[in-house]
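File shown: upload-v8.tsv. Contents: TSV, C-alpha atoms.
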chain	number	residue	atom	x	y	z
A	5	MET	CA	51.00	0.88	-38.33
A	6	LYS	CA	50.38	-0.07	-34.71
A	7	ILE	CA	46.98	-0.90	-33.36
A	8	TRP	CA	46.38	-0.23	-29.66
A	9	PHE	CA	43.80	-2.23	-27.76
A	10	ASN	CA	42.16	-1.22	-24.50
A	11	TRP	CA	42.08	-4.48	-22.56
A	12	LYS	CA	39.28	-3.20	-20.25
A	13	PHE	CA	37.11	-2.45	-23.25
A	14	VAL	CA	37.78	-5.86	-24.72
A	15	ALA	CA	36.94	-7.60	-21.42
A	16	THR	CA	33.68	-5.64	-21.12
A	17	LEU	CA	32.76	-6.47	-24.69
A	18	VAL	CA	33.44	-10.17	-24.17
A	19	PHE	CA	31.34	-10.19	-21.00
A	20	PHE	CA	28.52	-8.37	-22.77
A	21	MET	CA	28.57	-10.79	-25.70
A	22	ALA	CA	28.58	-13.73	-23.30
A	23	ASN	CA	25.43	-12.40	-21.63
A	24	ILE	CA	23.77	-11.97	-24.99
A	25	THR	CA	24.72	-15.50	-25.97
A	26	THR	CA	23.39	-17.14	-22.85
A	27	GLY	CA	20.33	-14.89	-22.63
A	28	GLN	CA	20.04	-15.67	-18.91
A	29	GLU	CA	19.95	-13.40	-15.91
A	30	SER	CA	20.54	-14.46	-12.33
A	31	TRP	CA	17.78	-13.63	-9.84
A	32	THR	CA	18.75	-13.46	-6.18
A	33	LEU	CA	16.22	-13.13	-3.37
A	34	ASP	CA	16.94	-9.42	-2.97
A	35	LYS	CA	16.46	-8.84	-6.69
A	36	CYS	CA	13.17	-10.76	-6.65
A	37	LEU	CA	11.93	-8.63	-3.76
A	38	GLU	CA	13.04	-5.38	-5.39
A	39	TYR	CA	11.26	-6.28	-8.63
A	40	ALA	CA	8.10	-7.23	-6.73
A	41	TYR	CA	8.14	-3.93	-4.79
A	42	GLN	CA	8.38	-1.95	-8.02
A	43	ASN	CA	5.80	-3.85	-10.07
A	44	SER	CA	3.22	-5.32	-7.69
A	45	PRO	CA	-0.27	-3.90	-8.42
A	46	ARG	CA	-1.19	-4.35	-4.75
A	47	LEU	CA	1.60	-2.04	-3.63
A	48	LYS	CA	0.69	0.50	-6.30
A	49	VAL	CA	-2.93	0.55	-5.11
A	50	ALA	CA	-1.80	0.98	-1.50
A	51	GLN	CA	0.55	3.80	-2.49
A	52	LYS	CA	-2.24	5.61	-4.35
A	53	SER	CA	-4.41	5.31	-1.24
A	54	ILE	CA	-1.68	7.07	0.74
A	55	GLU	CA	-1.49	9.86	-1.84
A	56	GLU	CA	-5.28	10.21	-1.67
A	57	ALA	CA	-5.15	10.47	2.12
A	58	GLU	CA	-2.38	13.06	1.87
A	59	GLY	CA	-4.61	15.13	-0.39
A	60	GLN	CA	-7.50	14.82	2.06
A	61	ALA	CA	-5.25	15.83	4.96
A	62	GLN	CA	-4.11	18.89	3.01
A	63	SER	CA	-7.73	19.72	2.23
A	64	SER	CA	-8.67	19.42	5.92
A	65	ALA	CA	-5.81	21.72	6.92
A	66	ALA	CA	-7.34	24.47	4.74
A	67	ILE	CA	-9.63	25.31	7.67
A	68	LEU	CA	-6.62	26.96	9.35
A	69	TYR	CA	-6.16	29.50	6.56
A	70	PRO	CA	-8.31	32.35	5.25
A	71	GLN	CA	-10.16	31.82	1.99
A	72	LEU	CA	-9.78	34.51	-0.69
A	73	ASN	CA	-12.18	34.66	-3.64
A	74	PHE	CA	-12.62	36.88	-6.67
A	75	SER	CA	-15.86	37.20	-8.62
A	76	SER	CA	-16.89	39.11	-11.71
A	77	SER	CA	-20.43	39.40	-13.06
A	78	TYR	CA	-22.57	41.15	-15.65
A	79	THR	CA	-26.23	42.04	-15.06
A	80	LYS	CA	-28.75	43.31	-17.59
A	81	ASN	CA	-31.63	45.35	-16.09
A	82	SER	CA	-34.70	46.25	-18.11
A	83	PRO	CA	-35.97	48.83	-17.41
A	84	SER	CA	-33.57	50.72	-15.18
A	85	PRO	CA	-34.58	50.19	-11.51
A	86	LEU	CA	-34.83	53.93	-10.72
A	87	GLY	CA	-35.93	54.98	-14.17
A	88	GLY	CA	-35.72	58.78	-14.74
A	89	LEU	CA	-34.26	59.40	-11.28
A	90	ALA	CA	-30.95	58.06	-12.50
A	91	GLY	CA	-30.02	61.27	-14.28
A	92	ASN	CA	-30.35	63.38	-11.10
A	93	VAL	CA	-27.86	61.30	-9.06
A	94	PRO	CA	-24.07	61.66	-9.43
A	95	GLY	CA	-22.51	58.51	-10.90
A	96	ARG	CA	-20.10	57.77	-8.06
A	97	GLN	CA	-22.68	58.23	-5.27
A	98	ILE	CA	-25.18	55.53	-6.18
A	99	ARG	CA	-24.82	51.92	-7.21
A	100	PRO	CA	-24.99	51.41	-10.98
A	101	SER	CA	-27.19	48.38	-10.30
A	102	LEU	CA	-29.93	50.83	-9.20
A	103	VAL	CA	-29.74	53.27	-12.08
A	104	SER	CA	-28.18	51.47	-15.06
A	105	ALA	CA	-29.50	48.80	-17.40
A	106	ASP	CA	-25.98	47.36	-17.74
A	107	VAL	CA	-24.04	46.52	-14.58
A	108	TYR	CA	-20.49	45.19	-14.37
A	109	GLU	CA	-19.47	44.14	-10.87
A	110	HIS	CA	-16.16	42.85	-9.52
A	111	SER	CA	-15.35	41.92	-5.94
A	112	PHE	CA	-12.87	40.25	-3.61
A	113	GLY	CA	-14.09	38.20	-0.66
A	114	LEU	CA	-12.11	37.06	2.37
A	115	ASN	CA	-13.53	34.40	4.72
A	116	TYR	CA	-11.82	33.12	7.84
A	117	THR	CA	-13.01	30.75	10.55
A	118	PHE	CA	-11.62	32.55	13.57
A	119	PHE	CA	-12.65	29.85	16.02
A	120	SER	CA	-14.48	26.54	15.87
A	121	TRP	CA	-14.51	23.45	18.06
A	122	LYS	CA	-14.46	21.38	14.88
A	123	ILE	CA	-10.95	22.41	13.84
A	124	LYS	CA	-8.92	20.16	16.15
A	125	PRO	CA	-10.89	16.90	15.66
A	126	THR	CA	-11.01	17.49	11.90
A	127	LEU	CA	-7.21	17.70	11.72
A	128	GLU	CA	-6.82	14.72	14.05
A	129	ILE	CA	-9.08	12.56	11.87
A	130	ALA	CA	-7.16	13.47	8.72
A	131	SER	CA	-3.81	12.75	10.37
A	132	ALA	CA	-4.97	9.42	11.83
A	133	ASN	CA	-6.42	8.31	8.48
A	134	LEU	CA	-3.11	9.07	6.79
A	135	GLY	CA	-1.22	7.11	9.45
A	136	ARG	CA	-3.63	4.19	9.11
A	137	LEU	CA	-3.15	3.98	5.35
A	138	LYS	CA	0.62	4.11	5.76
A	139	THR	CA	0.47	1.13	8.12
A	140	ASP	CA	-1.84	-0.63	5.65
A	141	PHE	CA	0.82	-0.08	3.01
A	142	ARG	CA	3.41	-1.60	5.36
A	143	GLN	CA	1.13	-4.58	5.93
A	144	THR	CA	0.63	-5.07	2.18
A	145	LYS	CA	4.39	-4.87	1.66
A	146	SER	CA	5.02	-7.33	4.50
A	147	GLU	CA	2.52	-9.79	3.05
A	148	LEU	CA	4.13	-9.48	-0.38
A	149	THR	CA	7.58	-9.99	1.15
A	150	LEU	CA	6.38	-13.14	2.90
A	151	GLU	CA	4.81	-14.51	-0.28
A	152	VAL	CA	7.92	-13.85	-2.39
A	153	LYS	CA	10.27	-15.32	0.22
A	154	LYS	CA	8.15	-18.44	0.72
A	155	ALA	CA	7.88	-18.95	-3.04
A	156	TYR	CA	11.62	-18.30	-3.53
A	157	TYR	CA	12.69	-20.82	-0.87
A	158	THR	CA	10.08	-23.30	-2.08
A	159	VAL	CA	11.61	-23.12	-5.55
A	160	MET	CA	15.07	-23.63	-4.08
A	161	PHE	CA	13.78	-26.58	-2.04
A	162	THR	CA	11.98	-28.25	-4.95
A	163	ASP	CA	15.08	-27.73	-7.10
A	164	GLN	CA	17.02	-29.76	-4.54
A	165	LEU	CA	14.31	-32.41	-4.65
A	166	VAL	CA	14.69	-32.59	-8.44
A	167	LYS	CA	18.42	-33.13	-8.07
A	168	ILE	CA	17.88	-35.76	-5.38
A	169	GLY	CA	15.19	-37.45	-7.47
A	170	SER	CA	17.46	-37.47	-10.51
A	171	GLN	CA	20.26	-39.11	-8.54
A	172	ALA	CA	17.84	-41.61	-6.97
A	173	GLU	CA	16.45	-42.49	-10.39
A	174	GLU	CA	19.97	-42.99	-11.73
A	175	VAL	CA	20.87	-45.24	-8.77
A	176	ALA	CA	17.66	-47.25	-9.23
A	177	LYS	CA	18.41	-47.64	-12.93
A	178	ASN	CA	21.95	-48.85	-12.28
A	179	ASN	CA	20.67	-51.24	-9.62
A	180	TYR	CA	18.16	-52.69	-12.08
A	181	GLU	CA	20.79	-53.14	-14.76
A	182	THR	CA	23.15	-54.79	-12.26
A	183	THR	CA	20.40	-57.07	-10.94
A	184	GLU	CA	19.46	-58.07	-14.48
A	185	LYS	CA	23.08	-59.07	-15.21
A	186	LEU	CA	23.25	-61.06	-11.99
A	187	TYR	CA	20.01	-62.81	-12.98
A	188	LYS	CA	21.50	-63.85	-16.31
A	189	GLU	CA	24.44	-65.27	-14.36
A	190	GLY	CA	22.03	-67.14	-12.09
A	191	LYS	CA	23.02	-65.31	-8.93
A	192	VAL	CA	19.64	-63.68	-8.18
A	193	SER	CA	16.01	-64.61	-8.74
A	194	HIS	CA	13.52	-63.16	-11.19
A	195	PHE	CA	11.72	-61.60	-8.22
A	196	ASP	CA	14.81	-59.51	-7.43
A	197	VAL	CA	14.86	-58.27	-11.01
A	198	SER	CA	11.18	-57.33	-10.89
A	199	ARG	CA	11.59	-55.57	-7.57
A	200	SER	CA	14.55	-53.50	-8.80
A	201	LYS	CA	12.62	-52.57	-11.93
A	202	VAL	CA	9.66	-51.41	-9.86
A	203	ARG	CA	12.01	-49.23	-7.82
A	204	TRP	CA	13.40	-47.73	-11.00
A	205	VAL	CA	9.91	-46.98	-12.40
A	206	ASN	CA	8.88	-45.45	-9.08
A	207	GLY	CA	12.03	-43.33	-9.15
A	208	GLN	CA	11.07	-42.07	-12.62
A	209	SER	CA	7.58	-41.19	-11.37
A	210	ASP	CA	8.99	-39.36	-8.35
A	211	LEU	CA	11.35	-37.42	-10.60
A	212	ILE	CA	8.51	-36.39	-12.93
A	213	GLU	CA	6.46	-35.21	-9.95
A	214	ALA	CA	9.43	-33.29	-8.52
A	215	LYS	CA	10.02	-31.53	-11.85
A	216	ASN	CA	6.33	-30.64	-12.09
A	217	ASN	CA	6.36	-29.24	-8.54
A	218	TYR	CA	9.43	-27.19	-9.41
A	219	GLN	CA	7.72	-25.61	-12.43
A	220	THR	CA	4.56	-24.97	-10.39
A	221	THR	CA	6.43	-23.20	-7.59
A	222	LEU	CA	8.45	-21.24	-10.14
A	223	GLU	CA	5.24	-19.94	-11.74
A	224	ALA	CA	3.90	-19.06	-8.29
A	225	LEU	CA	7.01	-16.97	-7.63
A	226	ARG	CA	6.63	-15.31	-11.03
A	227	THR	CA	3.02	-14.41	-10.16
A	228	PHE	CA	3.91	-12.90	-6.79
A	229	MET	CA	6.65	-10.85	-8.46
A	230	SER	CA	4.31	-9.72	-11.30
A	231	LEU	CA	7.03	-10.91	-13.69
A	232	PRO	CA	5.96	-11.23	-17.36
A	233	SER	CA	6.15	-14.70	-18.88
A	234	ASP	CA	8.61	-13.60	-21.57
A	235	ILE	CA	11.30	-12.86	-18.95
A	236	GLU	CA	13.31	-15.92	-17.97
A	237	LEU	CA	13.54	-16.59	-14.24
A	238	ASN	CA	16.79	-18.29	-13.22
A	239	LEU	CA	17.28	-18.24	-9.46
A	240	SER	CA	20.62	-18.10	-7.72
A	241	GLY	CA	21.33	-18.64	-4.05
A	242	SER	CA	21.22	-21.42	-1.53
A	243	LEU	CA	19.26	-22.53	1.51
A	244	SER	CA	20.86	-21.03	4.59
A	245	LYS	CA	22.08	-23.41	7.30
A	246	GLU	CA	21.99	-20.76	10.02
A	247	MET	CA	19.27	-21.07	12.65
A	248	LEU	CA	17.53	-18.12	14.25
A	249	GLU	CA	17.76	-17.91	18.01
A	250	ILE	CA	14.74	-16.21	19.62
A	251	SER	CA	12.60	-16.81	22.68
A	252	MET	CA	8.82	-16.88	22.85
A	253	GLU	CA	8.71	-13.62	24.83
A	254	GLU	CA	10.91	-11.81	22.31
A	255	ALA	CA	8.77	-13.03	19.42
A	256	LEU	CA	5.56	-11.85	21.11
A	257	ASN	CA	7.02	-8.44	22.01
A	258	GLN	CA	8.24	-7.86	18.46
A	259	ALA	CA	4.84	-8.87	17.07
A	260	TYR	CA	2.97	-6.45	19.36
A	261	VAL	CA	5.30	-3.60	18.39
A	262	ASN	CA	5.71	-4.23	14.66
A	263	ARG	CA	2.51	-5.85	13.38
A	264	PRO	CA	1.03	-3.26	10.95
A	265	GLU	CA	-2.56	-4.46	11.32
A	266	LEU	CA	-2.40	-3.79	15.06
A	267	GLN	CA	-1.02	-0.31	14.44
A	268	SER	CA	-3.73	0.28	11.83
A	269	LEU	CA	-6.42	-0.45	14.43
A	270	SER	CA	-4.70	1.96	16.84
A	271	PHE	CA	-5.00	4.72	14.23
A	272	LEU	CA	-8.61	3.73	13.58
A	273	GLU	CA	-9.23	4.02	17.31
A	274	LYS	CA	-7.91	7.60	17.17
A	275	VAL	CA	-10.20	8.32	14.22
A	276	SER	CA	-13.24	7.07	16.13
A	277	SER	CA	-12.30	9.04	19.26
A	278	SER	CA	-11.81	12.25	17.25
A	279	THR	CA	-15.08	11.63	15.43
A	280	ILE	CA	-16.90	11.72	18.77
A	281	ASN	CA	-15.32	15.12	19.52
A	282	LEU	CA	-16.23	16.33	16.03
A	283	GLU	CA	-19.87	15.39	16.47
A	284	LYS	CA	-19.95	17.05	19.89
A	285	ALA	CA	-18.52	20.20	18.31
A	286	ALA	CA	-21.66	20.43	16.16
A	287	ARG	CA	-23.48	21.57	19.32
A	288	LEU	CA	-20.94	24.27	20.17
A	289	PRO	CA	-20.63	27.84	18.82
A	290	SER	CA	-18.28	28.96	16.05
A	291	PHE	CA	-17.01	32.41	15.08
A	292	THR	CA	-16.27	33.45	11.48
A	293	LEU	CA	-15.09	36.70	9.89
A	294	THR	CA	-15.97	37.87	6.38
A	295	TYR	CA	-14.68	40.90	4.45
A	296	ASN	CA	-15.79	41.91	0.94
A	297	TYR	CA	-14.50	44.67	-1.29
A	298	GLY	CA	-16.06	45.38	-4.69
A	299	TRP	CA	-16.76	47.93	-7.38
A	300	GLN	CA	-19.50	48.46	-9.98
A	301	ALA	CA	-19.73	50.29	-13.31
A	302	ASN	CA	-22.27	50.64	-16.10
A	303	ASP	CA	-19.75	49.63	-18.78
A	304	LEU	CA	-16.80	47.23	-18.93
A	305	TYR	CA	-14.12	49.81	-19.78
A	306	SER	CA	-15.22	52.64	-17.55
A	307	ASP	CA	-12.75	55.04	-15.97
A	308	PRO	CA	-11.65	53.53	-12.61
A	309	ASP	CA	-12.32	56.90	-10.94
A	310	LYS	CA	-15.99	56.55	-11.87
A	311	TYR	CA	-16.40	53.13	-10.26
A	312	PHE	CA	-18.83	52.79	-7.41
A	313	LYS	CA	-16.73	51.17	-4.67
A	314	TYR	CA	-18.00	49.49	-1.55
A	315	TRP	CA	-16.87	47.15	1.26
A	316	THR	CA	-18.52	45.08	3.97
A	317	PHE	CA	-17.18	43.47	7.13
A	318	LEU	CA	-19.08	40.73	8.94
A	319	GLY	CA	-18.40	38.96	12.21
A	320	LYS	CA	-20.69	35.97	12.72
A	321	ILE	CA	-21.28	33.76	15.74
A	322	SER	CA	-23.25	30.56	15.07
A	323	LEU	CA	-24.80	28.60	17.91
A	324	PRO	CA	-26.94	25.55	17.08
A	325	ILE	CA	-30.05	25.40	19.25
A	326	PHE	CA	-32.02	22.39	18.01
A	327	ASP	CA	-31.11	20.04	15.16
A	328	GLY	CA	-33.78	17.39	15.60
A	329	PHE	CA	-31.40	15.20	17.67
A	330	THR	CA	-29.09	14.77	14.68
A	331	ALA	CA	-25.91	15.44	16.67
A	332	ARG	CA	-27.12	13.19	19.47
A	333	GLY	CA	-27.60	10.28	17.07
A	334	ARG	CA	-24.21	10.83	15.44
A	335	ILE	CA	-22.45	10.93	18.82
A	336	LYS	CA	-24.14	7.66	19.78
A	337	ALA	CA	-23.03	6.05	16.50
A	338	ALA	CA	-19.44	7.35	16.93
A	339	LYS	CA	-19.23	5.94	20.46
A	340	ALA	CA	-20.47	2.56	19.26
A	341	SER	CA	-17.87	2.64	16.48
A	342	LEU	CA	-15.11	3.37	19.02
A	343	GLU	CA	-16.18	0.43	21.21
A	344	ARG	CA	-16.28	-1.83	18.17
A	345	VAL	CA	-12.72	-0.82	17.21
A	346	LYS	CA	-11.51	-1.49	20.76
A	347	ASP	CA	-13.09	-4.95	20.74
A	348	SER	CA	-11.56	-5.67	17.31
A	349	LYS	CA	-8.16	-4.58	18.58
A	350	GLU	CA	-8.42	-6.91	21.57
A	351	GLN	CA	-9.51	-9.75	19.32
A	352	LEU	CA	-6.58	-9.09	16.96
A	353	GLN	CA	-4.14	-9.14	19.87
A	354	ASP	CA	-5.41	-12.58	20.86
A	355	LEU	CA	-5.09	-13.77	17.25
A	356	ILE	CA	-1.54	-12.43	16.96
A	357	ASP	CA	-0.66	-14.15	20.23
A	358	LEU	CA	-1.96	-17.45	18.87
A	359	GLU	CA	-0.20	-17.05	15.50
A	360	VAL	CA	3.15	-16.25	17.12
A	361	ARG	CA	2.92	-19.17	19.57
A	362	GLN	CA	1.99	-21.60	16.79
A	363	ALA	CA	4.77	-20.31	14.54
A	364	PHE	CA	7.28	-20.53	17.38
A	365	LEU	CA	6.35	-24.14	18.16
A	366	THR	CA	6.53	-25.06	14.47
A	367	PHE	CA	9.93	-23.36	14.27
A	368	GLN	CA	11.22	-25.26	17.30
A	369	ALA	CA	9.95	-28.57	15.89
A	370	ALA	CA	11.71	-27.87	12.58
A	371	LYS	CA	14.98	-27.17	14.40
A	372	ASP	CA	14.68	-30.46	16.31
A	373	ARG	CA	14.01	-32.37	13.09
A	374	ILE	CA	17.07	-30.81	11.47
A	375	LEU	CA	19.28	-31.85	14.39
A	376	ALA	CA	17.85	-35.37	14.27
A	377	GLN	CA	18.41	-35.66	10.52
A	378	ARG	CA	22.00	-34.52	10.95
A	379	GLU	CA	22.53	-37.49	13.19
A	380	ASN	CA	21.01	-39.76	10.55
A	381	VAL	CA	23.28	-38.27	7.89
A	382	ASN	CA	26.36	-38.85	10.05
A	383	THR	CA	25.24	-42.41	10.76
A	384	ALA	CA	24.64	-43.03	7.06
Once more with this new file: its structure as structure tokens, please.
Amino acid sequence: MKIWFNWKFVATLVFFMANITTGQESWTLDKCLEYAYQNSPRLKVAQKSIEEAEGQAQSSAAILYPQLNFSSSYTKNSPSPLGGLAGNVPGRQIRPSLVSADVYEHSFGLNYTFFSWKIKPTLEIASANLGRLKTDFRQTKSELTLEVKKAYYTVMFTDQLVKIGSQAEEVAKNNYETTEKLYKEGKVSHFDVSRSKVRWVNGQSDLIEAKNNYQTTLEALRTFMSLPSDIELNLSGSLSKEMLEISMEEALNQAYVNRPELQSLSFLEKVSSSTINLEKAARLPSFTLTYNYGWQANDLYSDPDKYFKYWTFLGKISLPIFDGFTARGRIKAAKASLERVKDSKEQLQDLIDLEVRQAFLTFQAAKDRILAQRENVNTA
């Protein structure tokens, strides 16, 4: 009997068993970011805010469509409104509500705002609010990205410090042991032995501190990712040696175009401007149309031919004359809000300008230090 083996299946099984044995999973920077995007409570809250704004925008857009309603009611009259006169009037020529003790009424109502100055600013406010919350979501995601990246590279950096500290401690230990042997041979003094021992002890202390910093930064990364403590976090990757080339002008232009908080204030400025128009619209006329169709009967299962049927059509023009200066006060408040948003936007632009310039100078200084240290490494 021959037994056939599928070598691909065997290789997959071996790989799977190896993963189970090690129980470790490699986390790259991209994987850390993806996990953070999917599990961060901050992003979930921001996403729910967008969904809420989408619902509000849909609700605001309802003003563009007619509203259709159906109602059904039962009324008990005692005694009959017209009393004995009810028997002298044909059933389909008078409302049952006037001649019957029991009245069943059903109706359809159609309402439509044919024209109103409030329609446009209402839709603009809803759209701007939705855009603002989307930019707030982008800002939250950008902040989370920055936190995860900084924590990730800090872990990688402290891991290198642990390795360097371990090697330094090993060198200090070997130097102490060598110095102690030379002391026994009478080639060095007791002071040299003591000094080498102090260096070794200091190396041990530095290594302990480096390991503690590594664990601290690792926990910080776990927190930013919202990673449970029962999932092991083993990072993979390396510190890139490539240097970004960018000028101050390019950095400032990109910041002005892409900073979400600046875009959020631009949307808030649109909201405030549209709010002024909305409050002004409260002083202007509006035109609405209403149509109702209904039928009444003195019992629930009456013959449809015996229903009393009626309809009404109403065209209504509303023109506010005096509201106790309510609209005037709201317009004043909306204008003040718009000016406040403009001032905040200008202040934010100055702050972004300062942040970018400081970051650029720090970046340039770091590049210069790297070049200088390369010279030291070559000299060493």
At most 10 Å is the cut-off: for each residue in region 26-62 of chain A with any atom that close to an atom of region 127-151 of chain A, write down the nearest atom pair and the distance in Å rounded to one decimal, counting all atoms listed in the file, chain first then increasing number, as a tab-separated table.
residue	atom	partner	partner_atom	distance
A:Cys36	CA	A:Thr149	CA	9.6
A:Leu37	CA	A:Thr149	CA	6.7
A:Glu38	CA	A:Thr149	CA	9.7
A:Ala40	CA	A:Leu148	CA	7.8
A:Tyr41	CA	A:Lys145	CA	7.5
A:Ser44	CA	A:Leu148	CA	8.5
A:Arg46	CA	A:Thr144	CA	7.2
A:Leu47	CA	A:Lys145	CA	6.6
A:Lys48	CA	A:Phe141	CA	9.3
A:Val49	CA	A:Phe141	CA	9.0
A:Ala50	CA	A:Phe141	CA	5.3
A:Gln51	CA	A:Phe141	CA	6.7
A:Lys52	CA	A:Phe141	CA	9.8
A:Ser53	CA	A:Leu137	CA	6.8
A:Ile54	CA	A:Leu137	CA	5.7
A:Glu55	CA	A:Leu134	CA	8.8
A:Glu56	CA	A:Leu134	CA	8.8
A:Ala57	CA	A:Leu134	CA	5.3
A:Glu58	CA	A:Leu134	CA	6.4
A:Gly59	CA	A:Leu134	CA	9.5
A:Gln60	CA	A:Ala130	CA	6.8
A:Ala61	CA	A:Ala130	CA	4.8
A:Gln62	CA	A:Ala130	CA	8.4
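Here CA of Thr279 (chain A) is placed at a distance of 8.7 Å from CA of Lys339 (chain A).
As for CA of Ser277 (chain A) and CA of Trp121 (chain A), they are spaced 14.6 Å apart.
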Å distance separating CA of Ser77 (chain A) from CA of Tyr108 (chain A), one decimal place: 5.9 Å
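Considering the residues A:Ser242, A:Ser233, A:Ser200, A:Thr162 and counting only C-alpha atoms, Glu213 (chain A) has its shortest atom-to-atom contact with A:Thr162.
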Neighbour list for region 33-35 of chain A as a VMD selection string, cut-off 8 Å, all atoms listed in the file, skip fewer than 6 positions in-chain: chain A and resid 153 156 240 to 241
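Nearest to Ile321 (chain A) of all the residues A:Leu237, A:Leu293, A:Ala301, A:Ala340 is A:Leu293, counting only C-alpha atoms.
For the residues A:Thr117, A:Asn179, A:Gln164, A:Gln219, ranking by smallest atom-to-atom distance to Arg203 (chain A) using all atoms listed in the file places A:Asn179 first.
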Residue neighbourhood Gln71 (chain A), 12 Å, only C-alpha atoms, exclusion window fewer than 5 positions, as number ranges by chain: A: 66, 112-118, 292-296
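Of the residues under consideration (A:Phe326, A:Lys215, A:Glu29, A:Pro70), A:Glu29 shows the shortest atom-to-atom contact distance to Ile235 (chain A) when counting all atoms listed in the file.
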Which residue of A:Glu181, A:Asp210, A:Glu236, A:Glu254 approaches Ser198 (chain A) most closely, using all atoms listed in the file: A:Glu181
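Distance check against Ala286 (chain A) using all atoms listed in the file: of A:Gly333, A:Pro308, A:Pro125, A:Pro324, the minimum falls on A:Pro324.
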What lies within 8 Å of region 350-362 of chain A using all atoms listed in the file, ignoring chain neighbours under 5 positions off, as a PyMOL selection string? chain A and resi 252+255-256+259-260+266
Set the distance at 12 Å and use only C-alpha atoms: which residues neighbour Ser251 (chain A) once local chain neighbours fewer than 6 positions away are removed? I'd like the list as number ranges by chain. A: 257-258, 360-361, 363-365, 367-368
